[in-house]
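Structure file upload36.txt; described as compact mmCIF, C-alpha atoms.
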```
# COMPACT_ATOMS: atom_id res chain seq x y z
CA MET Q 101 141.80 36.01 134.78
CA ALA Q 102 140.88 37.44 138.16
CA LYS Q 103 139.82 35.15 140.99
CA PHE Q 104 136.45 35.53 142.72
CA ILE Q 105 136.06 33.71 146.03
CA GLU Q 106 132.68 32.57 147.35
CA GLY Q 107 131.80 33.55 150.90
CA LEU Q 108 133.39 36.99 150.78
CA TYR Q 109 131.63 40.32 150.48
CA TYR Q 110 132.66 42.72 147.71
CA SER Q 111 132.33 46.48 147.19
CA GLU Q 112 132.08 48.47 143.97
CA SER Q 113 135.43 50.10 144.87
CA HIS Q 114 137.06 46.62 144.68
CA GLU Q 115 137.57 45.86 148.36
CA PHE Q 116 136.57 42.58 149.95
CA VAL Q 117 135.48 41.66 153.47
CA ARG Q 118 136.01 38.20 154.95
CA VAL Q 119 133.83 37.88 158.04
CA GLU Q 120 134.83 35.77 161.02
CA GLY Q 121 132.44 36.20 163.92
CA ASP Q 122 132.37 39.89 164.89
CA TYR Q 123 135.46 40.69 162.82
CA GLY Q 124 135.98 41.62 159.20
CA TYR Q 125 139.22 41.32 157.28
CA VAL Q 126 139.35 44.01 154.58
CA GLY Q 127 141.65 44.01 151.57
CA ILE Q 128 141.66 44.63 147.84
CA THR Q 129 140.37 42.07 145.39
CA ASP Q 130 142.39 40.05 142.93
CA TYR Q 131 140.74 42.08 140.15
CA ALA Q 132 142.01 45.30 141.78
CA GLN Q 133 145.58 44.11 142.26
CA GLN Q 134 145.72 43.01 138.61
CA ALA Q 135 144.48 46.43 137.51
CA LEU Q 136 147.01 48.23 139.72
CA GLY Q 137 150.05 46.18 138.75
CA ASN Q 138 153.07 45.84 141.03
CA VAL Q 139 152.13 47.15 144.48
CA VAL Q 140 154.99 49.12 146.04
CA TYR Q 141 153.37 50.69 149.13
CA VAL Q 142 150.32 50.25 151.35
CA ASP Q 143 149.18 53.13 153.56
CA MET Q 144 147.23 51.75 156.52
CA PRO Q 145 145.40 53.34 159.47
CA ASP Q 146 146.43 52.93 163.09
CA VAL Q 147 145.03 50.33 165.46
CA ASP Q 148 142.02 51.75 167.35
CA ASP Q 149 141.11 54.06 164.44
CA GLU Q 150 137.39 54.14 163.66
CA VAL Q 151 136.40 53.65 160.04
CA GLU Q 152 132.99 54.23 158.50
CA ALA Q 153 131.57 52.38 155.52
CA GLY Q 154 132.29 54.41 152.40
CA ASP Q 155 135.20 56.33 153.96
CA ASP Q 156 138.82 56.06 152.86
CA PHE Q 157 141.11 54.31 155.34
CA GLY Q 158 144.38 54.28 153.42
CA ALA Q 159 145.86 53.83 149.97
CA VAL Q 160 147.63 51.31 147.79
CA GLU Q 161 150.37 52.54 145.50
CA SER Q 162 151.69 50.66 142.50
CA VAL Q 163 154.27 51.46 139.90
CA LYS Q 164 151.52 52.92 137.70
CA ALA Q 165 148.86 54.32 140.03
CA ALA Q 166 147.77 55.15 143.54
CA SER Q 167 144.33 54.08 144.68
CA ASP Q 168 142.44 55.06 147.82
CA LEU Q 169 141.19 52.24 150.01
CA THR Q 170 137.50 52.62 150.83
CA SER Q 171 136.09 50.63 153.69
CA PRO Q 172 133.04 48.56 152.74
CA VAL Q 173 132.01 48.32 156.41
CA SER Q 174 132.19 50.33 159.63
CA GLY Q 175 134.20 49.33 162.66
CA THR Q 176 137.28 49.74 164.81
CA VAL Q 177 140.70 48.76 163.49
CA VAL Q 178 141.98 45.98 165.76
CA GLU Q 179 144.93 44.93 163.63
CA VAL Q 180 146.83 45.97 160.50
CA ASN Q 181 148.73 43.53 158.31
CA GLU Q 182 152.27 44.56 159.27
CA ALA Q 183 153.78 42.15 156.73
CA LEU Q 184 152.63 44.58 154.02
CA GLU Q 185 154.84 47.35 155.45
CA GLU Q 186 157.94 45.34 154.53
CA ALA Q 187 156.53 43.44 151.55
CA PRO Q 188 153.61 45.26 149.88
CA GLU Q 189 154.04 42.98 146.86
CA LEU Q 190 152.38 40.19 148.88
CA ILE Q 191 149.09 41.68 147.64
CA ASN Q 192 150.11 40.83 144.07
CA LYS Q 193 151.00 37.26 145.05
CA ASP Q 194 147.72 36.59 146.91
CA ALA Q 195 145.30 39.51 147.23
CA PHE Q 196 142.69 37.52 149.17
CA GLY Q 197 145.25 35.97 151.51
CA ASN Q 198 146.80 39.31 152.38
CA TRP Q 199 144.10 41.42 153.99
CA ILE Q 200 145.03 44.99 154.90
CA ILE Q 201 143.05 45.71 158.07
CA LYS Q 202 141.07 43.69 160.59
CA LEU Q 203 137.99 45.45 161.93
CA GLN Q 204 135.71 44.81 164.84
CA LEU Q 205 132.45 45.24 162.94
CA SER Q 206 130.06 47.81 164.35
CA ASP Q 207 127.06 47.08 162.09
CA LYS Q 208 126.86 43.69 160.38
CA THR Q 209 123.73 44.76 158.48
CA GLU Q 210 126.08 46.81 156.23
CA LEU Q 211 127.16 43.50 154.71
CA ASP Q 212 123.71 43.23 153.11
CA GLY Q 213 124.62 46.13 150.82
CA LEU Q 214 127.70 44.40 149.41
CA MET Q 215 127.98 41.97 146.52
CA ASP Q 216 128.58 38.23 146.64
CA ALA Q 217 131.21 36.64 144.37
CA LYS Q 218 128.82 36.12 141.45
CA ALA Q 219 127.49 39.68 141.54
CA TYR Q 220 131.02 41.11 141.85
CA GLU Q 221 132.26 39.00 138.94
CA GLU Q 222 129.38 40.33 136.82
CA PHE Q 223 130.14 43.88 138.01
CA CYS Q 224 133.79 43.52 136.92
CA ALA Q 225 132.79 42.01 133.56
CA ALA Q 226 130.45 44.93 132.93
CA ALA Q 227 133.27 47.39 133.70
CA HIS Q 228 135.28 46.19 130.70
```
Could you express the structure from this file as structure tokens?
Amino acid sequence: MAKFIEGLYYSESHEFVRVEGDYGYVGITDYAQQALGNVVYVDMPDVDDEVEAGDDFGAVESVKAASDLTSPVSGTVVEVNEALEEAPELINKDAFGNWIIKLQLSDKTELDGLMDAKAYEEFCAAAH
């Protein structure tokens, strides 16, 4: 059973955003990592790259599939989770604890277009 955490923002492409002040931590959801299976590689952007909401910023590869990462929000990459370069399987152990990129958010109103935990859980249930 996938985990859904209150207080995060969720996209239909199965990314989450955890907001702390002017920053957003973006990663894939627990639902997504379960669907992908064992993650073997994470392709991440460079620090200082600009990402736009709805644009791809990298990819996650598992033993059975590769999936583009689509940013739910716009901003500037201020940090990437370097631990994932050596140990991409950390996403399988704790998807919400292992964000992929940290963004300086450029438009916090974009968060209004994302789902809360309850809406995302219903979205995932409807996808079955």
Name the residues in contact with Q:His114 at a cut-off of 8 Å, using only C-alpha atoms, excluding same-chain residues fewer than 2 positions from it; report them as a PyMOL selection string.
chain Q and resi 110-112+116+128-129+131-132
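Comparing the minimum interatomic distances between Q:Asp207 and each of Q:Tyr141, Q:Phe157, Q:Tyr123, Q:Tyr220, counting only C-alpha atoms, we find that Q:Tyr123 sits nearest.
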Of the residues Q:Val126, Q:Ala217, Q:Ala226, Q:Ala195, which is the one nearest to Q:Val180, using only C-alpha atoms?
Q:Val126
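When atom CA of Q:Lys202 is paired with atom CA of Q:Glu161, their separation reads 19.8 Å.
These residues, each with an atom at most 9 Å from (138.5, 51.8, 165.8) using all atoms listed in the file, are Asp146, Val147, Asp148, Asp149, Glu150, Val151, Ser174, Gly175, Thr176, Val177, Val178, Leu203 and Gln204 of chain Q.
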Using all atoms of stretch 107-112 of chain Q listed in the file and a margin of 4 Å per side, can you give the axis-aligned box centre and edge lengths in Å to one decimal, as AutoDock Vina command-line options?
```
--center_x 132.5 --center_y 41.0 --center_z 147.4 --size_x 9.8 --size_y 22.9 --size_z 14.9
```
Find the residues with any atom within 12 Å of (154.9, 47.9, 156.4); use all atoms listed in the file and the coordinates as given in the file, and write the answer as a compact mmCIF listing (two decimals) with C-alpha atoms, keeping the file's coordinate frame.
```txt
# COMPACT_ATOMS: atom_id res chain seq x y z
CA VAL Q 140 154.99 49.12 146.04
CA TYR Q 141 153.37 50.69 149.13
CA VAL Q 142 150.32 50.25 151.35
CA ASP Q 143 149.18 53.13 153.56
CA MET Q 144 147.23 51.75 156.52
CA PRO Q 145 145.40 53.34 159.47
CA ASP Q 146 146.43 52.93 163.09
CA VAL Q 160 147.63 51.31 147.79
CA VAL Q 180 146.83 45.97 160.50
CA ASN Q 181 148.73 43.53 158.31
CA GLU Q 182 152.27 44.56 159.27
CA ALA Q 183 153.78 42.15 156.73
CA LEU Q 184 152.63 44.58 154.02
CA GLU Q 185 154.84 47.35 155.45
CA GLU Q 186 157.94 45.34 154.53
CA ALA Q 187 156.53 43.44 151.55
CA PRO Q 188 153.61 45.26 149.88
CA GLU Q 189 154.04 42.98 146.86
CA LEU Q 190 152.38 40.19 148.88
CA ILE Q 200 145.03 44.99 154.90
```
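Taking all atoms listed in the file into account, Q:Asn198 lies nearest to Q:Gly127 out of the set Q:Gly107, Q:Arg118, Q:Gly127, Q:Leu169.
Of note, atom CA of Q:Gly158 and atom CA of Q:Lys208 are spaced 21.6 Å apart.
With all atoms listed in the file as the atoms that count, the minimum distance from Q:Ala165 to the choices Q:Glu179, Q:Glu106, Q:Gly137, Q:Ala153 is reached by Q:Gly137.
Across the structure, atom CA of Q:Asp168 and atom CA of Q:Glu210 are spaced 20.2 Å apart.
Counting all atoms listed in the file, the residue from Q:Asp130, Q:Val173, Q:Lys164, Q:Tyr125 that sits nearest to Q:Ser206 is Q:Val173.
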